[in-house]
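Undergrad: Input: one structure, supplied below.
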Amino acid sequence: MTNNSIFKGAATALVTPLNENGIDYDSFGKLINWQIESGIDALVICGTSGEGSTLSDEEHKQALEFAYKTANGRIPMIAGTGSNDTAYAIELTKFACDVGYDGMLLVTPYYNKATQNGLIKTFTAIADESTKPCILYNVPSRTGVNIEPATYGVLADHPMIQGIKEANGNISKIVETMAIVGDRLDLYSGNDDQVVPLLSVGGSGVISVLSNLMPRETSLMCHKFFDGDIEGALKMQLDYLPLINALFCEVNPIPAKAAMAAMGYCENYVRLPLTVMEEAHQEKLLALMREQGLIS
């Protein structure tokens, strides 16, 4: 962990309960309280899983305010404030800092396909305006661009860039990154099927989709590892793999929304261009959830 670490363990990349009228704040509040009461280590609000990219500017800010007030200082709170519009990302970041968030999650600019120099300048511009530590989110399967290890090496010098959420799937690249910045940036897995592997190369935890359904268990998997029970952590990683795979058989957060609806926490409603989970996929997901005792 670095000197300005935001959290250690599991942070839920929380879904945003929606319906045809907008954000369902009643369900949102219940979901946040359940996550905290279940022992989650931190929450990420309005990230990819929270459908931040299809919330209006007003909804995005209202959701951030509501979630922060609901959490009421009980756990670290991280705001998804990245965008492919750098000016908007700066605006959201300054807003979330003013609200009181403990950290920012900044996704690589999507669609634009910036060069590595462009990424350095973009993340630097946002971090320059942030009064809270920032986690860079690398997910090339969704954005079309990868943050290279040498680029992390440059960005790690910024005092407001604290960590990385790494979802490039290439463990060799991640090992290379940690060789360069492991003493300067906290590493969080962005893939639920690679939590324990990334902990083994110096990771500080996971920003998780699985923990929407299983907050206590996902946190426990990390803390078993930290406490030296590597075998126990690995067993959990492998036992949950079928469910993890089902949660990504369609693009996130489609399956996560279906799962949370089945557990009674929100409607199974996503905004276009996302659509609700296909029936065959949903049946398989629900069957795996029953095996884990999440639904009857």
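Within each chain, counting starts at residue 1; across the structure tokens, chains are named A, B, ... in the order shown, with ligands numbered 1 upward in that order.
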A:Ile6: which residues within 9 Å, counting only C-alpha atoms, same-chain residues fewer than 4 positions away excluded, as a list in words?

TA: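 My reading of the contact set: Ala42, Pro76, Met77, Ile78, Asp102, Gly103, Pro133, Cys134, Gln162, Gly163 and Asp186 of chain A.
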
Undergrad: Please provide as a ChimeraX atom specification all residues within 12 Å of A:Thr108, with the sequence filter that same-chain residues fewer than 5 positions apart are discarded (counting only C-alpha atoms).

TA: /A:48,80-86,89,113-116,118-123,126,135-148,164-168

Undergrad: Output N, CA, C and O atoms for every residue in the selection just made, as a compact mmCIF listing (two decimals), in the first residue's frame.

TA:
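To be explicit, this is the file written out as selection23.txt:
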```txt
# COMPACT_ATOMS: atom_id res chain seq x y z
N THR A 48 -18.38 2.12 -14.68
CA THR A 48 -18.97 1.37 -15.80
C THR A 48 -20.17 0.56 -15.34
O THR A 48 -21.22 0.56 -15.97
N GLY A 80 -16.75 7.58 -9.90
CA GLY A 80 -16.39 7.41 -11.30
C GLY A 80 -16.55 8.74 -12.03
O GLY A 80 -17.67 9.20 -12.25
N THR A 81 -15.43 9.36 -12.37
CA THR A 81 -15.49 10.69 -12.98
C THR A 81 -14.75 10.77 -14.31
O THR A 81 -14.55 11.86 -14.84
N GLY A 82 -14.33 9.64 -14.84
CA GLY A 82 -13.63 9.64 -16.13
C GLY A 82 -14.59 9.83 -17.29
O GLY A 82 -15.79 9.58 -17.17
N SER A 83 -14.05 10.28 -18.41
CA SER A 83 -14.87 10.51 -19.61
C SER A 83 -13.94 10.59 -20.81
O SER A 83 -12.72 10.78 -20.67
N ASN A 84 -14.52 10.46 -22.00
CA ASN A 84 -13.71 10.73 -23.19
C ASN A 84 -13.66 12.23 -23.50
O ASN A 84 -12.94 12.66 -24.40
N ASP A 85 -14.39 13.02 -22.74
CA ASP A 85 -14.35 14.48 -22.81
C ASP A 85 -13.57 14.96 -21.59
O ASP A 85 -14.08 14.95 -20.47
N THR A 86 -12.33 15.36 -21.77
CA THR A 86 -11.46 15.69 -20.65
C THR A 86 -12.02 16.84 -19.82
O THR A 86 -11.94 16.82 -18.58
N ALA A 89 -14.59 15.43 -17.59
CA ALA A 89 -13.97 14.64 -16.53
C ALA A 89 -13.41 15.54 -15.44
O ALA A 89 -13.53 15.24 -14.24
N LYS A 113 -9.23 6.93 -28.66
CA LYS A 113 -8.01 6.16 -28.89
C LYS A 113 -6.77 7.06 -28.83
O LYS A 113 -6.03 7.20 -29.79
N ALA A 114 -6.56 7.66 -27.68
CA ALA A 114 -5.43 8.54 -27.47
C ALA A 114 -4.10 7.78 -27.58
O ALA A 114 -4.03 6.58 -27.33
N THR A 115 -3.04 8.51 -27.95
CA THR A 115 -1.69 7.96 -27.88
C THR A 115 -1.27 7.88 -26.41
O THR A 115 -1.94 8.42 -25.53
N GLN A 116 -0.14 7.24 -26.16
CA GLN A 116 0.36 7.18 -24.78
C GLN A 116 0.66 8.59 -24.27
O GLN A 116 0.39 8.90 -23.10
N GLY A 118 -0.92 11.22 -25.21
CA GLY A 118 -2.24 11.79 -24.95
C GLY A 118 -2.81 11.34 -23.62
O GLY A 118 -3.43 12.13 -22.90
N LEU A 119 -2.57 10.08 -23.28
CA LEU A 119 -3.03 9.57 -21.98
C LEU A 119 -2.31 10.29 -20.84
O LEU A 119 -2.93 10.67 -19.84
N ILE A 120 -1.01 10.48 -20.98
CA ILE A 120 -0.24 11.17 -19.95
C ILE A 120 -0.77 12.58 -19.75
O ILE A 120 -1.03 13.02 -18.61
N LYS A 121 -0.99 13.29 -20.84
CA LYS A 121 -1.46 14.68 -20.74
C LYS A 121 -2.89 14.74 -20.18
O LYS A 121 -3.22 15.62 -19.39
N THR A 122 -3.74 13.78 -20.60
CA THR A 122 -5.13 13.77 -20.14
C THR A 122 -5.22 13.49 -18.65
O THR A 122 -5.87 14.22 -17.89
N PHE A 123 -4.59 12.40 -18.21
CA PHE A 123 -4.66 12.04 -16.79
C PHE A 123 -3.99 13.11 -15.92
O PHE A 123 -4.44 13.40 -14.81
N ILE A 126 -6.43 16.05 -15.50
CA ILE A 126 -7.50 15.78 -14.54
C ILE A 126 -6.95 15.76 -13.12
O ILE A 126 -7.50 16.38 -12.20
N ILE A 135 -7.47 6.91 -9.09
CA ILE A 135 -7.14 5.57 -9.58
C ILE A 135 -7.38 5.57 -11.09
O ILE A 135 -8.48 5.92 -11.55
N LEU A 136 -6.38 5.19 -11.86
CA LEU A 136 -6.52 5.10 -13.31
C LEU A 136 -7.11 3.74 -13.66
O LEU A 136 -6.67 2.71 -13.14
N TYR A 137 -8.08 3.73 -14.56
CA TYR A 137 -8.80 2.50 -14.91
C TYR A 137 -8.46 2.12 -16.35
O TYR A 137 -8.84 2.82 -17.29
N ASN A 138 -7.74 1.02 -16.48
CA ASN A 138 -7.29 0.54 -17.78
C ASN A 138 -8.14 -0.64 -18.23
O ASN A 138 -8.05 -1.73 -17.65
N VAL A 139 -9.00 -0.44 -19.23
CA VAL A 139 -9.89 -1.51 -19.71
C VAL A 139 -9.94 -1.45 -21.24
O VAL A 139 -10.92 -1.00 -21.83
N PRO A 140 -8.86 -1.89 -21.90
CA PRO A 140 -8.77 -1.72 -23.35
C PRO A 140 -9.87 -2.42 -24.14
O PRO A 140 -10.18 -1.98 -25.25
N SER A 141 -10.47 -3.47 -23.58
CA SER A 141 -11.55 -4.15 -24.30
C SER A 141 -12.75 -3.23 -24.51
O SER A 141 -13.54 -3.41 -25.44
N ARG A 142 -12.89 -2.20 -23.66
CA ARG A 142 -14.01 -1.27 -23.78
C ARG A 142 -13.60 0.07 -24.37
O ARG A 142 -14.45 0.80 -24.88
N THR A 143 -12.33 0.42 -24.26
CA THR A 143 -11.91 1.77 -24.65
C THR A 143 -11.08 1.82 -25.92
O THR A 143 -10.95 2.88 -26.52
N GLY A 144 -10.48 0.70 -26.30
CA GLY A 144 -9.68 0.67 -27.52
C GLY A 144 -8.24 1.10 -27.33
O GLY A 144 -7.49 1.20 -28.31
N VAL A 145 -7.82 1.38 -26.09
CA VAL A 145 -6.44 1.81 -25.85
C VAL A 145 -5.95 1.21 -24.54
O VAL A 145 -6.71 1.06 -23.58
N ASN A 146 -4.66 0.83 -24.52
CA ASN A 146 -4.06 0.22 -23.33
C ASN A 146 -3.07 1.21 -22.72
O ASN A 146 -2.32 1.88 -23.44
N ILE A 147 -3.07 1.31 -21.39
CA ILE A 147 -2.03 2.09 -20.71
C ILE A 147 -0.79 1.21 -20.59
O ILE A 147 -0.82 0.18 -19.92
N GLU A 148 0.29 1.61 -21.22
CA GLU A 148 1.51 0.81 -21.22
C GLU A 148 2.27 0.99 -19.91
O GLU A 148 2.17 2.04 -19.25
N ILE A 164 -4.06 2.03 -9.73
CA ILE A 164 -4.52 1.59 -11.05
C ILE A 164 -5.51 0.44 -10.88
O ILE A 164 -5.32 -0.44 -10.04
N LYS A 165 -6.57 0.52 -11.63
CA LYS A 165 -7.51 -0.60 -11.76
C LYS A 165 -7.18 -1.24 -13.10
O LYS A 165 -7.42 -0.65 -14.16
N GLU A 166 -6.61 -2.43 -13.04
CA GLU A 166 -6.06 -3.04 -14.24
C GLU A 166 -6.95 -4.16 -14.75
O GLU A 166 -7.15 -5.17 -14.09
N ALA A 167 -7.52 -3.94 -15.94
CA ALA A 167 -8.41 -4.93 -16.55
C ALA A 167 -7.97 -5.24 -17.98
O ALA A 167 -8.80 -5.50 -18.84
N ASN A 168 -6.66 -5.20 -18.22
CA ASN A 168 -6.22 -5.53 -19.59
C ASN A 168 -6.10 -7.03 -19.80
O ASN A 168 -5.97 -7.49 -20.94
```

Undergrad: As a ChimeraX atom specification, list the residues of stretch 14-211 of chain A assigned to strand (DSSP E) by DSSP on the backbone atoms of this structure.

TA: /A:18-19,22-23,42-45,77-80,103-107,134-138,161-166,186-189,205-208

Undergrad: Output N, CA and C atoms for every residue in that selection, as a JSON list (two decimals), in the first residue's frame.

TA:
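Heads up, here's the output in selection10.json:
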```json
[["chain", "number", "residue", "atom", "x", "y", "z"],
["A", 18, "LEU", "N", -32.05, 1.66, -11.75],
["A", 18, "LEU", "CA", -32.76, 2.55, -12.67],
["A", 18, "LEU", "C", -34.15, 1.99, -12.96],
["A", 19, "ASN", "N", -35.04, 2.87, -13.37],
["A", 19, "ASN", "CA", -36.32, 2.46, -13.95],
["A", 19, "ASN", "C", -36.66, 3.45, -15.05],
["A", 22, "GLY", "N", -36.05, 7.11, -14.23],
["A", 22, "GLY", "CA", -34.73, 7.62, -13.85],
["A", 22, "GLY", "C", -34.09, 6.75, -12.79],
["A", 23, "ILE", "N", -33.33, 7.36, -11.90],
["A", 23, "ILE", "CA", -32.66, 6.62, -10.84],
["A", 23, "ILE", "C", -33.67, 6.28, -9.75],
["A", 42, "ALA", "N", -15.00, -0.76, 0.28],
["A", 42, "ALA", "CA", -15.17, 0.56, -0.36],
["A", 42, "ALA", "C", -16.25, 0.41, -1.43],
["A", 43, "LEU", "N", -16.76, 1.54, -1.90],
["A", 43, "LEU", "CA", -17.74, 1.55, -2.98],
["A", 43, "LEU", "C", -17.30, 2.49, -4.09],
["A", 44, "VAL", "N", -17.53, 2.06, -5.33],
["A", 44, "VAL", "CA", -17.32, 2.91, -6.50],
["A", 44, "VAL", "C", -18.69, 3.26, -7.07],
["A", 45, "ILE", "N", -18.96, 4.55, -7.19],
["A", 45, "ILE", "CA", -20.26, 5.03, -7.65],
["A", 45, "ILE", "C", -20.14, 5.64, -9.04],
["A", 77, "MET", "N", -15.29, 6.09, -0.21],
["A", 77, "MET", "CA", -16.16, 6.24, -1.37],
["A", 77, "MET", "C", -15.35, 6.78, -2.55],
["A", 78, "ILE", "N", -15.52, 6.14, -3.69],
["A", 78, "ILE", "CA", -14.78, 6.48, -4.91],
["A", 78, "ILE", "C", -15.78, 6.85, -5.99],
["A", 79, "ALA", "N", -15.55, 7.98, -6.64],
["A", 79, "ALA", "CA", -16.46, 8.47, -7.67],
["A", 79, "ALA", "C", -15.91, 8.16, -9.06],
["A", 80, "GLY", "N", -16.75, 7.58, -9.90],
["A", 80, "GLY", "CA", -16.39, 7.41, -11.30],
["A", 80, "GLY", "C", -16.55, 8.74, -12.03],
["A", 103, "GLY", "N", -11.78, 9.32, -3.24],
["A", 103, "GLY", "CA", -10.95, 9.08, -4.41],
["A", 103, "GLY", "C", -11.77, 9.13, -5.68],
["A", 104, "MET", "N", -11.05, 9.20, -6.81],
["A", 104, "MET", "CA", -11.67, 9.25, -8.13],
["A", 104, "MET", "C", -11.23, 8.03, -8.93],
["A", 105, "LEU", "N", -12.12, 7.52, -9.77],
["A", 105, "LEU", "CA", -11.78, 6.46, -10.71],
["A", 105, "LEU", "C", -11.86, 7.05, -12.12],
["A", 106, "LEU", "N", -10.72, 7.07, -12.80],
["A", 106, "LEU", "CA", -10.62, 7.72, -14.11],
["A", 106, "LEU", "C", -10.37, 6.69, -15.20],
["A", 107, "VAL", "N", -11.39, 6.40, -15.98],
["A", 107, "VAL", "CA", -11.25, 5.45, -17.08],
["A", 107, "VAL", "C", -10.46, 6.11, -18.21],
["A", 134, "CYS", "N", -6.38, 9.74, -7.21],
["A", 134, "CYS", "CA", -7.05, 9.19, -8.39],
["A", 134, "CYS", "C", -6.54, 7.79, -8.70],
["A", 135, "ILE", "N", -7.47, 6.91, -9.09],
["A", 135, "ILE", "CA", -7.14, 5.57, -9.58],
["A", 135, "ILE", "C", -7.38, 5.57, -11.09],
["A", 136, "LEU", "N", -6.38, 5.19, -11.86],
["A", 136, "LEU", "CA", -6.52, 5.10, -13.31],
["A", 136, "LEU", "C", -7.11, 3.74, -13.66],
["A", 137, "TYR", "N", -8.08, 3.73, -14.56],
["A", 137, "TYR", "CA", -8.80, 2.50, -14.91],
["A", 137, "TYR", "C", -8.46, 2.12, -16.35],
["A", 138, "ASN", "N", -7.74, 1.02, -16.48],
["A", 138, "ASN", "CA", -7.29, 0.54, -17.78],
["A", 138, "ASN", "C", -8.14, -0.64, -18.23],
["A", 161, "ILE", "N", -2.09, 10.89, -8.34],
["A", 161, "ILE", "CA", -2.36, 9.59, -8.98],
["A", 161, "ILE", "C", -1.84, 8.51, -8.04],
["A", 162, "GLN", "N", -2.80, 7.75, -7.49],
["A", 162, "GLN", "CA", -2.52, 6.86, -6.37],
["A", 162, "GLN", "C", -2.54, 5.39, -6.74],
["A", 163, "GLY", "N", -3.33, 5.03, -7.75],
["A", 163, "GLY", "CA", -3.50, 3.60, -8.02],
["A", 163, "GLY", "C", -3.95, 3.32, -9.44],
["A", 164, "ILE", "N", -4.06, 2.03, -9.73],
["A", 164, "ILE", "CA", -4.52, 1.59, -11.05],
["A", 164, "ILE", "C", -5.51, 0.44, -10.88],
["A", 165, "LYS", "N", -6.57, 0.52, -11.63],
["A", 165, "LYS", "CA", -7.51, -0.60, -11.76],
["A", 165, "LYS", "C", -7.18, -1.24, -13.10],
["A", 166, "GLU", "N", -6.61, -2.43, -13.04],
["A", 166, "GLU", "CA", -6.06, -3.04, -14.24],
["A", 166, "GLU", "C", -6.95, -4.16, -14.75],
["A", 186, "ASP", "N", -0.89, 1.79, -5.99],
["A", 186, "ASP", "CA", -1.64, 0.59, -5.58],
["A", 186, "ASP", "C", -2.27, -0.05, -6.80],
["A", 187, "LEU", "N", -2.20, -1.37, -6.87],
["A", 187, "LEU", "CA", -2.79, -2.14, -7.97],
["A", 187, "LEU", "C", -4.07, -2.79, -7.49],
["A", 188, "TYR", "N", -5.16, -2.55, -8.24],
["A", 188, "TYR", "CA", -6.43, -3.22, -7.99],
["A", 188, "TYR", "C", -6.81, -4.02, -9.23],
["A", 189, "SER", "N", -7.22, -5.26, -9.04],
["A", 189, "SER", "CA", -7.70, -6.05, -10.18],
["A", 189, "SER", "C", -9.01, -5.47, -10.69],
["A", 205, "GLY", "N", -6.00, -5.23, -3.89],
["A", 205, "GLY", "CA", -7.40, -5.62, -3.84],
["A", 205, "GLY", "C", -8.03, -5.68, -5.20],
["A", 206, "VAL", "N", -9.34, -5.49, -5.22],
["A", 206, "VAL", "CA", -10.12, -5.61, -6.45],
["A", 206, "VAL", "C", -11.21, -4.55, -6.45],
["A", 207, "ILE", "N", -11.50, -4.01, -7.63],
["A", 207, "ILE", "CA", -12.72, -3.23, -7.84],
["A", 207, "ILE", "C", -13.63, -4.15, -8.63],
["A", 208, "SER", "N", -14.69, -4.61, -7.99],
["A", 208, "SER", "CA", -15.35, -5.86, -8.35],
["A", 208, "SER", "C", -16.79, -5.70, -8.83]]
```

Undergrad: Measuring atom to atom with only C-alpha atoms, identify which of A:Asn3, A:Ser204, A:Asn212, A:Thr124 is nearest to A:His158.

TA: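 Nearest to A:His158: A:Thr124.
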
Undergrad: Taking 4 positions as the minimum chain separation for residues in the same chain, which residues sit within 8 Å of A:Ile244 when counting only C-alpha atoms? Answer as a PyMOL selection string.

TA: chain A and resi 192-193+210+240+248

Undergrad: DSSP on the backbone: what in stretch 107-250 of chain A comes out helix (DSSP H, G or I), as a ChimeraX atom specification?

TA: /A:116-128,140-143,149-155,171-181,192-199,210-212,215-226,230-239,241-246

Undergrad: Please indicate the distance in Å from atom CA of A:Asn245 to atom CA of A:Ala261, rounded to one decimal place.

TA: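 Straight-line distance from atom CA of A:Asn245 to atom CA of A:Ala261 works out to 18.3 Å.
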
Undergrad: Using only C-alpha atoms, which residue out of A:Ser5, A:Thr93, A:Thr275, A:Ser211 lies closest to A:Leu31?

TA: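 Result for the nearest residue to A:Leu31: A:Ser211.
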
Undergrad: To one decimal in Å, tell me the separation between atom CA of A:Glu37 and atom CA of A:Ala258.

TA: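 We find that atom CA of A:Glu37 and atom CA of A:Ala258 lie 22.0 Å from each other.
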
Undergrad: Skipping near chain neighbours, those fewer than 2 positions away, what residues fall within 10 Å of A:Phe95 using only C-alpha atoms, listed as a PyMOL selection string?

TA: chain A and resi 61+64-65+79+81+89-93+97-101+130

Undergrad: Now that the selection is made, can you save its residues with N, CA, C and O atoms as a short mmCIF file (atom, residue, chain, number, x, y, z; two decimals), in the first residue's frame?

TA:
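Okay, this is what ended up in part-v8.cif:
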```cif
data_model
loop_
_atom_site.label_atom_id
_atom_site.label_comp_id
_atom_site.auth_asym_id
_atom_site.auth_seq_id
_atom_site.Cartn_x
_atom_site.Cartn_y
_atom_site.Cartn_z
N LYS A 61 -24.36 13.73 -11.12
CA LYS A 61 -24.02 14.51 -9.92
C LYS A 61 -24.97 14.19 -8.76
O LYS A 61 -24.54 14.07 -7.60
N LEU A 64 -24.00 10.82 -7.28
CA LEU A 64 -22.80 10.94 -6.46
C LEU A 64 -23.13 11.56 -5.10
O LEU A 64 -22.67 11.07 -4.06
N GLU A 65 -23.92 12.62 -5.10
CA GLU A 65 -24.30 13.27 -3.84
C GLU A 65 -25.09 12.32 -2.95
O GLU A 65 -24.83 12.21 -1.75
N ALA A 79 -15.55 7.98 -6.64
CA ALA A 79 -16.46 8.47 -7.67
C ALA A 79 -15.91 8.16 -9.06
O ALA A 79 -14.74 8.45 -9.35
N THR A 81 -15.43 9.36 -12.37
CA THR A 81 -15.49 10.69 -12.98
C THR A 81 -14.75 10.77 -14.31
O THR A 81 -14.55 11.86 -14.84
N ALA A 89 -14.59 15.43 -17.59
CA ALA A 89 -13.97 14.64 -16.53
C ALA A 89 -13.41 15.54 -15.44
O ALA A 89 -13.53 15.24 -14.24
N ILE A 90 -12.82 16.66 -15.83
CA ILE A 90 -12.31 17.61 -14.84
C ILE A 90 -13.47 18.20 -14.03
O ILE A 90 -13.40 18.31 -12.80
N GLU A 91 -14.55 18.57 -14.72
CA GLU A 91 -15.73 19.13 -14.03
C GLU A 91 -16.28 18.14 -13.01
O GLU A 91 -16.57 18.51 -11.85
N LEU A 92 -16.46 16.87 -13.41
CA LEU A 92 -16.99 15.85 -12.50
C LEU A 92 -16.04 15.59 -11.34
O LEU A 92 -16.47 15.41 -10.19
N THR A 93 -14.75 15.57 -11.64
CA THR A 93 -13.76 15.31 -10.60
C THR A 93 -13.78 16.42 -9.55
O THR A 93 -13.79 16.14 -8.34
N CYS A 97 -14.85 15.91 -5.63
CA CYS A 97 -13.94 16.35 -4.56
C CYS A 97 -14.69 17.25 -3.58
O CYS A 97 -14.55 17.12 -2.36
N ASP A 98 -15.48 18.15 -4.12
CA ASP A 98 -16.24 19.08 -3.28
C ASP A 98 -17.29 18.35 -2.44
O ASP A 98 -17.55 18.73 -1.29
N VAL A 99 -17.90 17.31 -3.01
CA VAL A 99 -18.89 16.52 -2.27
C VAL A 99 -18.23 15.85 -1.07
O VAL A 99 -18.84 15.73 0.00
N GLY A 100 -16.98 15.42 -1.25
CA GLY A 100 -16.26 14.80 -0.15
C GLY A 100 -15.70 13.41 -0.45
O GLY A 100 -15.20 12.74 0.46
N TYR A 101 -15.81 12.96 -1.70
CA TYR A 101 -15.34 11.61 -2.05
C TYR A 101 -13.88 11.43 -1.68
O TYR A 101 -13.08 12.37 -1.70
N SER A 130 -7.65 17.73 -9.22
CA SER A 130 -8.23 16.92 -8.15
C SER A 130 -7.55 17.21 -6.82
O SER A 130 -6.32 17.34 -6.75
#
```

Undergrad: Can you tell me which residues surround A:Ile254 at a distance of at most 10 Å, considering only C-alpha atoms, apart from same-chain residues fewer than 6 positions away, and format the answer as a list of chain:residue names?

TA: A:Val15, A:Ser49, A:Glu51, A:Leu247, A:Phe248, A:Asn268, A:Tyr269, A:Val270, A:Arg271, A:Leu274, A:Thr275, A:Val276, A:Met277, A:Glu278, A:Gln282
